[in-house]
$ cat data.cif   # mmCIF, C-alpha atoms and all ligand atoms
data_target
#
loop_
_atom_site.label_atom_id
_atom_site.label_comp_id
_atom_site.auth_asym_id
_atom_site.auth_seq_id
_atom_site.Cartn_x
_atom_site.Cartn_y
_atom_site.Cartn_z
CA MET A 5 0.00 0.00 0.00
CA LEU A 6 1.27 3.45 -0.91
CA ASP A 7 1.65 6.00 1.87
CA ILE A 8 -0.39 8.62 0.04
CA LYS A 9 -0.10 11.16 2.86
CA ALA A 10 3.69 11.04 2.64
CA ILE A 11 3.61 11.09 -1.16
CA ARG A 12 1.39 14.19 -1.19
CA LYS A 13 3.96 16.06 0.91
CA ASP A 14 6.46 15.59 -1.94
CA PHE A 15 4.25 17.63 -4.32
CA PRO A 16 4.29 21.31 -3.32
CA ILE A 17 1.43 22.24 -5.68
CA LEU A 18 -0.98 19.94 -3.85
CA SER A 19 -1.06 22.28 -0.88
CA ARG A 20 -2.39 25.23 -2.90
CA THR A 21 -5.98 26.30 -3.05
CA VAL A 22 -8.16 27.20 -6.04
CA TYR A 23 -10.96 29.73 -5.41
CA GLY A 24 -10.27 29.23 -1.70
CA LYS A 25 -10.78 25.45 -1.89
CA PRO A 26 -8.05 22.81 -1.64
CA LEU A 27 -6.89 21.74 -5.10
CA VAL A 28 -8.23 18.36 -6.18
CA TYR A 29 -6.15 17.54 -9.23
CA LEU A 30 -7.84 14.92 -11.41
CA ASP A 31 -6.35 15.82 -14.78
CA ASN A 32 -3.36 13.53 -14.66
CA ALA A 33 -3.90 12.03 -18.12
CA ALA A 34 -3.26 15.53 -19.50
CA THR A 35 -0.20 16.13 -17.34
CA SER A 36 0.95 15.05 -13.89
CA GLN A 37 2.20 17.22 -11.05
CA LYS A 38 5.92 17.28 -10.17
CA PRO A 39 7.58 16.24 -6.91
CA SER A 40 10.15 18.51 -5.20
CA SER A 41 12.96 16.14 -6.18
CA VAL A 42 12.28 16.78 -9.89
CA ILE A 43 11.94 20.55 -9.41
CA GLU A 44 15.16 20.66 -7.34
CA THR A 45 17.09 18.54 -9.86
CA ILE A 46 16.24 21.02 -12.61
CA THR A 47 17.12 24.02 -10.41
CA ASN A 48 20.39 22.34 -9.43
CA TYR A 49 21.36 21.96 -13.09
CA TYR A 50 20.79 25.66 -13.78
CA GLN A 51 22.40 26.81 -10.53
CA ASN A 52 25.45 24.57 -10.56
CA TYR A 53 26.40 23.02 -13.89
CA ASN A 54 24.36 24.68 -16.66
CA SER A 55 26.26 24.01 -19.86
CA ASN A 56 25.86 22.39 -23.27
CA VAL A 57 26.39 18.64 -23.62
CA HIS A 58 28.70 16.51 -25.79
CA ARG A 59 30.56 19.60 -27.00
CA GLY A 60 32.76 21.07 -24.31
CA VAL A 61 36.06 20.03 -22.77
CA HIS A 62 35.41 22.17 -19.71
CA ALA A 63 34.24 20.84 -16.36
CA LEU A 64 30.68 22.15 -16.55
CA SER A 65 30.05 20.65 -19.97
CA MET A 66 31.47 17.33 -18.88
CA GLU A 67 29.30 17.33 -15.76
CA ALA A 68 26.20 18.21 -17.81
CA THR A 69 27.02 15.44 -20.32
CA GLU A 70 27.47 12.94 -17.50
CA HIS A 71 24.08 13.81 -15.96
CA TYR A 72 22.36 13.86 -19.36
CA GLU A 73 23.67 10.43 -20.34
CA ALA A 74 23.01 9.06 -16.84
CA ALA A 75 19.37 10.15 -17.32
CA ARG A 76 19.26 8.27 -20.61
CA GLU A 77 20.55 5.13 -18.83
CA LYS A 78 17.88 5.48 -16.12
CA VAL A 79 15.05 5.97 -18.60
CA ALA A 80 16.21 3.10 -20.85
CA ASN A 81 16.46 0.83 -17.83
CA PHE A 82 13.00 1.94 -16.62
CA ILE A 83 11.35 0.65 -19.81
CA GLY A 84 13.51 -2.49 -20.02
CA ALA A 85 15.45 -1.42 -23.13
CA PRO A 86 18.40 -3.72 -23.90
CA ASP A 87 20.75 -0.71 -23.67
CA SER A 88 20.61 3.07 -23.64
CA THR A 89 21.68 3.54 -27.27
CA CYS A 90 18.18 2.57 -28.43
CA LEU A 91 16.52 5.28 -26.30
CA ILE A 92 16.18 8.55 -28.22
CA PHE A 93 15.29 11.68 -26.28
CA VAL A 94 12.38 13.39 -28.05
CA ARG A 95 10.03 16.22 -27.04
CA GLY A 96 7.32 13.74 -26.10
CA THR A 97 5.07 11.02 -27.48
CA THR A 98 3.97 13.18 -30.41
CA GLU A 99 7.51 13.83 -31.59
CA GLY A 100 8.45 10.16 -31.04
CA ILE A 101 5.66 8.99 -33.36
CA ASN A 102 6.49 11.68 -35.93
CA LEU A 103 10.12 10.57 -35.84
CA VAL A 104 9.12 6.99 -36.68
CA ALA A 105 6.80 8.24 -39.41
CA SER A 106 9.59 10.32 -41.03
CA SER A 107 12.63 8.15 -40.42
CA TRP A 108 11.18 4.67 -40.83
CA ALA A 109 7.74 4.73 -42.46
CA ILE A 110 8.20 7.22 -45.32
CA PRO A 111 11.41 5.60 -46.59
CA ASN A 112 9.99 2.07 -46.27
CA LEU A 113 6.32 2.17 -47.27
CA GLY A 114 4.76 2.29 -50.73
CA PRO A 115 1.39 2.14 -52.49
CA GLY A 116 -0.87 -0.62 -51.19
CA ASP A 117 1.11 -1.24 -47.99
CA GLU A 118 -1.14 -1.17 -44.94
CA ILE A 119 -0.77 0.60 -41.61
CA LEU A 120 -3.08 -0.80 -38.96
CA LEU A 121 -4.29 1.58 -36.23
CA SER A 122 -7.27 1.37 -33.90
CA GLU A 123 -10.38 3.51 -33.56
CA MET A 124 -9.26 4.67 -30.11
CA GLU A 125 -6.11 6.52 -31.16
CA HIS A 126 -5.06 9.94 -29.95
CA HIS A 127 -4.51 12.38 -32.84
CA SER A 128 -0.76 11.97 -32.25
CA ASN A 129 -1.03 8.34 -33.34
CA LEU A 130 -3.39 9.04 -36.21
CA ILE A 131 -2.41 12.19 -38.08
CA PRO A 132 1.28 11.27 -38.63
CA TRP A 133 0.05 8.05 -40.32
CA GLN A 134 -2.53 9.96 -42.39
CA ARG A 135 0.38 12.05 -43.69
CA VAL A 136 2.52 8.95 -44.30
CA ALA A 137 -0.39 7.47 -46.27
CA GLN A 138 -0.72 10.65 -48.37
CA ILE A 139 3.01 10.71 -49.13
CA THR A 140 3.63 6.99 -49.76
CA GLY A 141 0.28 5.69 -51.04
CA ALA A 142 -0.01 3.36 -48.05
CA VAL A 143 -3.52 2.59 -46.77
CA LEU A 144 -4.81 3.07 -43.22
CA LYS A 145 -6.90 0.30 -41.60
CA PHE A 146 -8.54 0.40 -38.19
CA ILE A 147 -9.24 -2.17 -35.48
CA PRO A 148 -12.82 -1.39 -34.40
CA VAL A 149 -13.79 -0.58 -30.82
CA THR A 150 -16.66 -2.51 -29.20
CA GLU A 151 -19.56 -1.02 -27.24
CA GLU A 152 -17.66 -1.96 -24.07
CA GLY A 153 -14.73 0.16 -25.22
CA VAL A 154 -12.23 -2.60 -25.99
CA LEU A 155 -10.60 -3.53 -29.28
CA ASP A 156 -12.71 -5.87 -31.39
CA LEU A 157 -10.20 -8.54 -32.39
CA GLU A 158 -12.67 -10.82 -34.16
CA ASN A 159 -11.38 -9.95 -37.63
CA LEU A 160 -7.77 -9.48 -36.63
CA SER A 161 -6.47 -12.21 -38.97
CA ALA A 162 -7.95 -10.29 -41.89
CA LEU A 163 -6.76 -6.92 -40.60
CA ILE A 164 -3.18 -8.11 -40.06
CA ASN A 165 -2.20 -9.64 -43.38
CA ASN A 166 0.70 -9.80 -45.83
CA ARG A 167 0.14 -6.17 -46.87
CA THR A 168 0.44 -4.95 -43.25
CA LYS A 169 3.78 -3.22 -42.70
CA LEU A 170 3.07 -1.45 -39.43
CA VAL A 171 0.66 -1.83 -36.53
CA SER A 172 0.55 1.32 -34.39
CA VAL A 173 -1.76 1.32 -31.39
CA THR A 174 -2.16 2.98 -28.05
CA HIS A 175 -1.14 0.83 -25.09
CA VAL A 176 -3.71 2.54 -22.85
CA SER A 177 -6.53 4.76 -24.16
CA ASN A 178 -6.58 8.32 -22.80
CA VAL A 179 -10.38 8.42 -23.24
CA LEU A 180 -11.64 4.92 -22.39
CA GLY A 181 -8.86 3.90 -20.03
CA THR A 182 -8.68 0.55 -21.85
CA ILE A 183 -5.40 -1.37 -21.62
CA ASN A 184 -4.95 -3.05 -24.98
CA PRO A 185 -3.55 -6.59 -25.51
CA VAL A 186 -0.45 -5.21 -27.23
CA LYS A 187 1.69 -8.31 -26.78
CA GLU A 188 -0.82 -10.35 -28.74
CA LEU A 189 -0.86 -7.66 -31.43
CA ALA A 190 2.96 -7.65 -31.53
CA ARG A 191 3.03 -11.43 -32.11
CA LYS A 192 0.44 -11.19 -34.89
CA ALA A 193 2.28 -8.27 -36.52
CA HIS A 194 5.60 -10.09 -36.44
CA ASN A 195 4.02 -13.26 -37.89
CA VAL A 196 3.36 -11.34 -41.13
CA GLY A 197 6.69 -9.48 -41.05
CA ALA A 198 5.16 -6.18 -39.89
CA LEU A 199 6.55 -3.95 -37.14
CA ILE A 200 4.61 -2.65 -34.14
CA MET A 201 4.67 0.81 -32.57
CA LEU A 202 3.14 1.46 -29.15
CA ASP A 203 1.85 4.84 -28.06
CA ALA A 204 2.75 4.46 -24.40
CA ALA A 205 1.83 7.99 -23.27
CA GLN A 206 -0.72 6.60 -20.81
CA SER A 207 1.03 3.34 -19.85
CA VAL A 208 4.68 4.12 -19.02
CA PRO A 209 3.65 6.56 -16.22
CA HIS A 210 1.20 4.14 -14.64
CA MET A 211 2.39 0.51 -14.83
CA PRO A 212 5.50 -1.58 -15.28
CA VAL A 213 6.39 -1.48 -19.00
CA ASN A 214 9.13 -3.62 -20.48
CA VAL A 215 9.75 -3.16 -24.20
CA GLN A 216 11.45 -6.54 -24.54
CA ASP A 217 8.62 -8.35 -22.79
CA LEU A 218 6.06 -6.53 -24.96
CA GLU A 219 8.10 -7.44 -28.05
CA CYS A 220 7.49 -4.01 -29.58
CA ASP A 221 9.66 -2.35 -32.24
CA PHE A 222 8.89 1.27 -31.34
CA LEU A 223 7.51 2.76 -28.12
CA ALA A 224 6.98 6.46 -27.36
CA PHE A 225 6.10 8.22 -24.11
CA SER A 226 6.09 11.69 -22.50
CA SER A 227 7.93 12.80 -19.37
CA HIS A 228 5.29 15.34 -18.29
CA LYS A 229 2.70 12.61 -17.66
CA MET A 230 5.10 10.69 -15.37
CA LEU A 231 6.08 13.39 -12.85
CA GLY A 232 8.78 14.83 -15.12
CA PRO A 233 9.06 18.18 -16.91
CA THR A 234 7.42 19.10 -20.22
CA GLY A 235 9.40 19.18 -23.46
CA ILE A 236 11.00 15.76 -23.09
CA GLY A 237 10.08 12.13 -23.61
CA GLY A 238 11.49 8.90 -24.90
CA LEU A 239 11.36 6.88 -28.08
CA TYR A 240 12.56 3.29 -27.87
CA VAL A 241 13.49 1.63 -31.16
CA ARG A 242 14.48 -2.03 -31.45
CA PRO A 243 18.25 -2.00 -32.20
CA SER A 244 17.97 -4.00 -35.45
CA VAL A 245 15.38 -1.49 -36.76
CA LEU A 246 17.25 1.57 -35.48
CA LYS A 247 20.22 0.68 -37.69
CA THR A 248 18.04 0.92 -40.81
CA MET A 249 16.42 4.31 -40.07
CA GLN A 250 17.03 7.58 -41.90
CA PRO A 251 17.86 10.80 -40.01
CA PHE A 252 14.96 12.84 -38.61
CA GLN A 253 16.03 16.47 -38.27
CA SER A 254 19.49 17.53 -39.36
CA GLY A 255 22.05 19.92 -37.93
CA GLY A 256 24.62 19.85 -35.15
CA GLU A 257 25.42 16.72 -33.14
CA MET A 258 23.76 14.24 -35.52
CA VAL A 259 26.78 14.16 -37.84
CA LYS A 260 30.29 12.68 -37.88
CA GLU A 261 32.04 14.26 -40.88
CA VAL A 262 30.76 17.27 -42.79
CA THR A 263 31.99 18.85 -46.05
CA PHE A 264 30.40 21.72 -47.98
CA THR A 265 28.38 19.24 -49.97
CA SER A 266 27.86 16.15 -47.80
CA ALA A 267 27.68 14.72 -44.31
CA SER A 268 27.93 11.34 -42.61
CA TRP A 269 25.72 10.42 -39.70
CA ASN A 270 26.63 10.06 -36.06
CA ASP A 271 25.98 6.84 -34.13
CA HIS A 272 22.52 6.37 -32.74
CA PRO A 273 20.85 7.68 -30.65
CA PHE A 274 22.76 10.94 -31.36
CA GLN A 275 21.92 10.69 -35.07
CA PHE A 276 18.30 11.39 -34.07
CA GLU A 277 19.00 14.22 -31.63
CA ALA A 278 19.99 17.15 -33.86
CA GLY A 279 20.76 20.45 -32.13
CA THR A 280 21.13 21.28 -28.45
CA PRO A 281 18.82 18.90 -26.60
CA SER A 282 16.48 19.64 -23.68
CA ILE A 283 19.24 19.09 -21.15
CA SER A 284 17.52 20.22 -17.95
CA ALA A 285 14.33 18.40 -18.91
CA SER A 286 16.16 15.13 -19.64
CA ILE A 287 17.90 15.29 -16.28
CA GLY A 288 14.55 16.13 -14.68
CA LEU A 289 12.99 13.08 -16.34
CA GLY A 290 15.79 11.00 -14.83
CA ALA A 291 14.78 12.34 -11.40
CA ALA A 292 11.13 11.46 -12.12
CA VAL A 293 12.18 7.91 -12.96
CA ASP A 294 14.12 7.75 -9.68
CA TYR A 295 11.01 8.89 -7.82
CA LEU A 296 8.71 6.35 -9.50
CA GLN A 297 11.23 3.56 -8.95
CA SER A 298 11.52 4.45 -5.27
CA ILE A 299 7.79 3.76 -5.02
CA GLY A 300 7.80 0.77 -7.36
CA MET A 301 5.74 0.56 -10.54
CA ASP A 302 3.75 -2.43 -9.22
CA GLU A 303 2.65 -0.24 -6.31
CA VAL A 304 1.82 2.61 -8.69
CA ARG A 305 -0.40 0.28 -10.71
CA ASN A 306 -2.01 -1.25 -7.58
CA HIS A 307 -2.96 2.19 -6.31
CA GLU A 308 -4.36 3.13 -9.70
CA MET A 309 -6.50 -0.01 -9.81
CA ALA A 310 -7.78 0.56 -6.26
CA ILE A 311 -8.72 4.22 -6.76
CA THR A 312 -10.23 3.63 -10.21
CA GLN A 313 -12.34 0.76 -8.85
CA TYR A 314 -13.48 2.96 -5.97
CA ALA A 315 -14.30 5.82 -8.34
CA LEU A 316 -16.27 3.59 -10.71
CA GLU A 317 -18.37 2.31 -7.79
CA GLU A 318 -18.97 5.76 -6.30
CA LEU A 319 -19.76 7.40 -9.64
CA LYS A 320 -22.59 4.89 -10.09
CA HIS A 321 -24.46 6.82 -7.38
CA LEU A 322 -24.91 9.70 -9.80
CA SER A 323 -28.05 10.21 -11.79
CA GLU A 324 -28.83 7.45 -14.30
CA ASP A 325 -28.32 9.99 -17.05
CA PHE A 326 -24.57 9.62 -16.72
CA ILE A 327 -22.86 7.29 -19.19
CA PHE A 328 -19.41 5.96 -18.28
CA TYR A 329 -17.09 4.79 -21.02
CA GLY A 330 -14.53 2.01 -21.02
CA PRO A 331 -14.39 -1.51 -19.61
CA ASN A 332 -15.61 -2.35 -16.10
CA ASP A 333 -12.93 -5.01 -15.65
CA ILE A 334 -10.28 -3.16 -13.66
CA SER A 335 -7.53 -5.54 -14.80
CA ILE A 336 -7.82 -4.09 -18.32
CA ARG A 337 -8.27 -0.44 -17.51
CA GLY A 338 -6.08 2.44 -16.43
CA GLY A 339 -6.97 5.44 -14.31
CA ALA A 340 -8.89 7.60 -16.76
CA ILE A 341 -12.69 7.69 -16.52
CA SER A 342 -14.65 9.53 -19.21
CA PHE A 343 -18.33 10.28 -18.73
CA TYR A 344 -21.19 12.13 -20.32
CA SER A 345 -24.62 13.32 -19.31
CA ASP A 346 -27.29 14.98 -21.44
CA LEU A 347 -28.26 16.96 -18.32
CA VAL A 348 -25.05 18.98 -18.15
CA HIS A 349 -22.68 19.68 -21.03
CA PRO A 350 -19.16 18.44 -20.20
CA HIS A 351 -17.76 21.99 -20.42
CA ASP A 352 -20.35 23.19 -17.87
CA LEU A 353 -19.45 20.25 -15.64
CA GLY A 354 -15.77 21.22 -15.92
CA THR A 355 -16.53 24.84 -15.03
CA ILE A 356 -18.69 23.99 -12.02
CA LEU A 357 -16.09 21.51 -10.75
CA ASP A 358 -13.38 24.13 -11.20
CA GLN A 359 -15.32 26.43 -8.84
CA GLU A 360 -14.99 23.63 -6.26
CA GLY A 361 -11.21 23.45 -6.80
CA ILE A 362 -11.51 20.23 -8.81
CA ALA A 363 -9.53 20.00 -12.06
CA ILE A 364 -10.83 17.59 -14.69
CA ARG A 365 -10.53 17.65 -18.49
CA THR A 366 -13.44 18.13 -20.85
CA GLY A 367 -13.62 17.94 -24.65
CA HIS A 368 -12.63 15.37 -27.25
CA HIS A 369 -9.28 14.66 -25.57
CA CYS A 370 -7.49 14.84 -28.93
CA ALA A 371 -9.34 11.69 -30.00
CA MET A 372 -12.04 13.34 -32.08
CA PRO A 373 -12.89 10.33 -34.30
CA LEU A 374 -13.39 8.09 -31.26
CA VAL A 375 -15.47 10.61 -29.29
CA ARG A 376 -17.56 11.93 -32.18
CA GLU A 377 -17.89 8.89 -34.46
CA ARG A 378 -17.86 5.99 -31.99
CA LEU A 379 -19.11 7.36 -28.67
CA LYS A 380 -21.35 9.70 -30.71
CA VAL A 381 -21.04 12.68 -28.38
CA SER A 382 -19.39 16.04 -28.99
CA ALA A 383 -17.31 15.87 -25.83
CA THR A 384 -16.89 13.98 -22.56
CA ALA A 385 -15.76 14.93 -19.08
CA ARG A 386 -12.75 12.96 -17.83
CA ALA A 387 -11.29 12.39 -14.38
CA SER A 388 -7.87 10.77 -14.28
CA PHE A 389 -5.87 9.64 -11.27
CA TYR A 390 -2.30 9.27 -10.12
CA ILE A 391 -0.25 8.23 -7.12
CA TYR A 392 -1.23 11.24 -4.97
CA ASN A 393 -5.01 10.97 -5.39
CA THR A 394 -7.14 9.81 -2.48
CA GLU A 395 -10.57 8.25 -2.02
CA SER A 396 -11.60 11.44 -0.28
CA GLU A 397 -10.87 13.34 -3.51
CA VAL A 398 -13.09 10.88 -5.39
CA ASP A 399 -15.83 11.63 -2.84
CA GLN A 400 -15.40 15.36 -3.51
CA LEU A 401 -15.67 14.71 -7.24
CA VAL A 402 -18.91 12.77 -6.81
CA LYS A 403 -20.33 15.45 -4.50
CA ALA A 404 -19.47 18.21 -6.99
CA LEU A 405 -20.98 16.25 -9.88
CA LYS A 406 -24.19 15.83 -7.87
CA LYS A 407 -24.22 19.57 -7.22
CA ALA A 408 -23.75 20.33 -10.93
CA THR A 409 -26.57 17.95 -11.83
CA ARG A 410 -28.85 19.64 -9.26
CA ILE A 411 -28.05 23.12 -10.56
CA PHE A 412 -28.82 22.15 -14.14
CA THR A 413 -31.91 20.10 -13.34
CA ASN A 414 -33.36 23.06 -11.39
CA ALA A 415 -32.49 25.51 -14.17
CA TYR A 416 -34.12 23.15 -16.68
CA LYS A 417 -37.29 22.86 -14.54
CA LYS A 418 -37.52 26.65 -14.22
CA ASN A 419 -37.39 27.00 -17.99
CA ILE A 420 -40.29 24.62 -18.71
N1 LIG A 501 -2.92 13.19 -24.10
C1 LIG A 501 -4.72 14.08 -22.74
O1 LIG A 501 -5.25 14.95 -22.04
P1 LIG A 501 2.19 14.62 -25.87
O2 LIG A 501 1.29 15.78 -26.07
O3 LIG A 501 3.12 14.42 -27.05
O4 LIG A 501 2.91 14.61 -24.57
O5 LIG A 501 1.24 13.32 -25.79
C2 LIG A 501 0.33 13.06 -26.82
C3 LIG A 501 -0.50 11.86 -26.48
C4 LIG A 501 -0.37 10.72 -27.26
N2 LIG A 501 -1.06 9.60 -26.98
C5 LIG A 501 -1.91 9.53 -25.95
C6 LIG A 501 -2.62 8.24 -25.67
C7 LIG A 501 -2.10 10.65 -25.13
O6 LIG A 501 -2.94 10.56 -24.11
C8 LIG A 501 -1.40 11.84 -25.43
C9 LIG A 501 -1.65 13.09 -24.63
C10 LIG A 501 -3.31 14.29 -23.26
O7 LIG A 501 -5.29 13.02 -22.99
C11 LIG A 501 -3.19 15.62 -23.91
S1 LIG A 501 -4.11 15.75 -25.39
#
$ encode --input "data.cif" --output "structure tokens"
Amino acid sequence: MLDIKAIRKDFPILSRTVYGKPLVYLDNAATSQKPSSVIETITNYYQNYNSNVHRGVHALSMEATEHYEAAREKVANFIGAPDSTCLIFVRGTTEGINLVASSWAIPNLGPGDEILLSEMEHHSNLIPWQRVAQITGAVLKFIPVTEEGVLDLENLSALINNRTKLVSVTHVSNVLGTINPVKELARKAHNVGALIMLDAAQSVPHMPVNVQDLECDFLAFSSHKMLGPTGIGGLYVRPSVLKTMQPFQSGGEMVKEVTFTSASWNDHPFQFEAGTPSISASIGLGAAVDYLQSIGMDEVRNHEMAITQYALEELKHLSEDFIFYGPNDISIRGGAISFYSDLVHPHDLGTILDQEGIAIRTGHHCAMPLVRERLKVSATARASFYIYNTESEVDQLVKALKKATRIFTNAYKKNI
């Protein structure tokens, strides 16, 4: 069991108030809060060894390089990568997926090749592939989503076929909370010679993830959702695939020899990290990994299951007009709960909850096709949990939702 009281003390922001009420932060799928250790690590870099990496012979630069590469080791180890050379620092999940689209997919795909996605993808794992399809002539296919909010794998043998070159799916849905059977998908993809990319934005922060165990070829995630700073994330690429990839951006650091007319590429991962990297953010991500590892990812996941289960049970006490999306089986869902009620528009719910100091997200969650075309609503409200959330905060959420429902039901009655 996590000592939530002690954990909360590590997050300075959790002691602030919003409109005079204690902050109840339930927007963790959008971004997580940061512990003091991460904030102090970043400050320490700027106060004591701020310098560029890989370039200088002076003490500060060498210190910065040491910390930067130590962070890469930590992050690679955290996701079970075979070694740190296959962990590329990127700005986040979005850039990681775009890197794979540019450096692997565009050079390798052609007309008629198929890219298999699912209907529950975030725009970051949809639009880069739409662009790849436009450029290469490849075709996009989609694994459907069932009423329960899980992938419908009934026709998988037809969807993964000899034309399939890439399967790219989210490990955990940011809207439905569903944890997808990605290992099974990896096996099926590899059976036909296709590669698999995992959008791990919502899994790496919340559960043990091991890229070798999952047998994936590419995996991207964002630091800011796992207690780390914004502007940094990781892209794992299987070493045998990494060797075949083309450069992403070009400029300083990604080259070995340069003439006026040509250049040769640096070793990976540096080949994919052109320009001065996000040094402080990378080191901050290393500190976030240290923090999560000090708790233990099994414990992180256990807490998430417990609080999500509690929330699902308590939210049932709301008016019957509320629809909750995603599977009920807690073993296949993460800590994001999306809901909708005809009584109160999600944006109104978000605003009323905000007045109570409760932060949730409302909208299409950057998964417009799923929300509009599958769930058939314009928006949902979403509460999402992390290691510092308590059952008492869930109670406050339920109470505030009841209040919002009352306000709108009364206003509706007055109008008729
Ligand atoms: N989802 C949410 O509120 P970036 O922005 O690159 O760090 O992450 C993009 C991303 C990709 N895939 C999934 C499954 C995600 O959930 C996200 C980010 C946030 O749901 C912001 S839209």
$ residues_around --input "data.cif" --residues "stretch 152-160 of chain A" --least-positions-apart "4" --cutoff "7 Å" --atoms "all atoms listed in the file" --output "VMD selection string"
chain A and resid 147 to 148 164 180 182 329 to 331
$ residues_near_ligand --input "data.cif" --ligand "ligand LIG 501 (chain A)" --cutoff "6 Å" --atoms "all atoms listed in the file" --output "ChimeraX atom specification"
/A:33-34,96-98,126,128,174,177-178,203,205-206,226,369-370
$ atom_distance --input "data.cif" --atom1 "atom CA of A:Tyr49" --atom2 "atom CA of A:Phe225"
23.3 Å
$ atom_distance --input "data.cif" --atom1 "atom CA of A:Leu231" --atom2 "atom CA of A:Ser106"
28.6 Å
$ residues_around --input "data.cif" --residues "A:Ser282" --least-positions-apart "5" --cutoff "9 Å" --atoms "all atoms listed in the file" --output "NGL selection string"
:A and (93-95 or 235-236 or 287)
$ residues_around --input "data.cif" --residues "A:His368" --least-positions-apart "3" --cutoff "8 Å" --atoms "only C-alpha atoms" --output "JSON, numbers by chain"
{"A": [371, 372, 375, 376, 382, 383, 384]}
$ closest_residue --input "data.cif" --among "A:Pro212, A:Phe146, A:Ser172, A:Gly114" --to "A:Gln297" --atoms "all atoms listed in the file"
A:Pro212
$ atom_distance --input "data.cif" --atom1 "atom CA of A:Ala285" --atom2 "atom CA of A:Ser268"
28.2 Å
$ closest_residue --input "data.cif" --among "A:Tyr29, A:Tyr295, A:Tyr53, A:Phe328" --to "A:Ala315" --atoms "only C-alpha atoms"
A:Phe328
$ closest_residue --input "data.cif" --among "A:Asp294, A:Asp7, A:Asp325, A:Glu317" --to "A:Phe82" --atoms "all atoms listed in the file"
A:Asp294
$ closest_residue --input "data.cif" --among "A:Ala415, A:Thr45, A:Asp221, A:Leu18" --to "A:Asn393" --atoms "all atoms listed in the file"
A:Leu18
$ closest_residue --input "data.cif" --among "A:Ile11, A:Val22, A:Val57, A:Ile17" --to "A:Ser284" --atoms "all atoms listed in the file"
A:Val57
$ closest_residue --input "data.cif" --among "A:Arg378, A:Pro185, A:Met201, A:Val143" --to "A:Ile101" --atoms "all atoms listed in the file"
A:Met201
$ residues_around --input "data.cif" --residues "A:Leu357" --least-positions-apart "6" --cutoff "9 Å" --atoms "all atoms listed in the file" --output "VMD selection string"
chain A and resid 363 to 364 401 404 to 405 408
$ write_last_selection --input "data.cif" --atoms "C-alpha atoms" --output "PDB file, in the coordinates of the input"
ATOM      1  CA  ALA A 363      -9.530  20.000 -12.060  1.00  0.00           C
ATOM      2  CA  ILE A 364     -10.830  17.590 -14.690  1.00  0.00           C
ATOM      3  CA  LEU A 401     -15.670  14.710  -7.240  1.00  0.00           C
ATOM      4  CA  ALA A 404     -19.470  18.210  -6.990  1.00  0.00           C
ATOM      5  CA  LEU A 405     -20.980  16.250  -9.880  1.00  0.00           C
ATOM      6  CA  ALA A 408     -23.750  20.330 -10.930  1.00  0.00           C
TER       7      ALA A 408
END
$ decode --input "data.cif" --residues "stretch 221-239 of chain A" --atoms "C-alpha atoms" --output "PDB file, in the first residue's frame"
ATOM      1  CA  ASP A 221       9.660  -2.351 -32.236  1.00  0.00           C
ATOM      2  CA  PHE A 222       8.891   1.273 -31.343  1.00  0.00           C
ATOM      3  CA  LEU A 223       7.510   2.759 -28.124  1.00  0.00           C
ATOM      4  CA  ALA A 224       6.980   6.458 -27.364  1.00  0.00           C
ATOM      5  CA  PHE A 225       6.104   8.223 -24.106  1.00  0.00           C
ATOM      6  CA  SER A 226       6.086  11.687 -22.497  1.00  0.00           C
ATOM      7  CA  SER A 227       7.927  12.804 -19.372  1.00  0.00           C
ATOM      8  CA  HIS A 228       5.293  15.336 -18.290  1.00  0.00           C
ATOM      9  CA  LYS A 229       2.699  12.609 -17.660  1.00  0.00           C
ATOM     10  CA  MET A 230       5.104  10.691 -15.372  1.00  0.00           C
ATOM     11  CA  LEU A 231       6.084  13.391 -12.847  1.00  0.00           C
ATOM     12  CA  GLY A 232       8.783  14.829 -15.115  1.00  0.00           C
ATOM     13  CA  PRO A 233       9.058  18.176 -16.908  1.00  0.00           C
ATOM     14  CA  THR A 234       7.420  19.102 -20.215  1.00  0.00           C
ATOM     15  CA  GLY A 235       9.404  19.178 -23.459  1.00  0.00           C
ATOM     16  CA  ILE A 236      11.001  15.760 -23.090  1.00  0.00           C
ATOM     17  CA  GLY A 237      10.084  12.132 -23.607  1.00  0.00           C
ATOM     18  CA  GLY A 238      11.491   8.900 -24.898  1.00  0.00           C
ATOM     19  CA  LEU A 239      11.361   6.879 -28.081  1.00  0.00           C
TER      20      LEU A 239
END
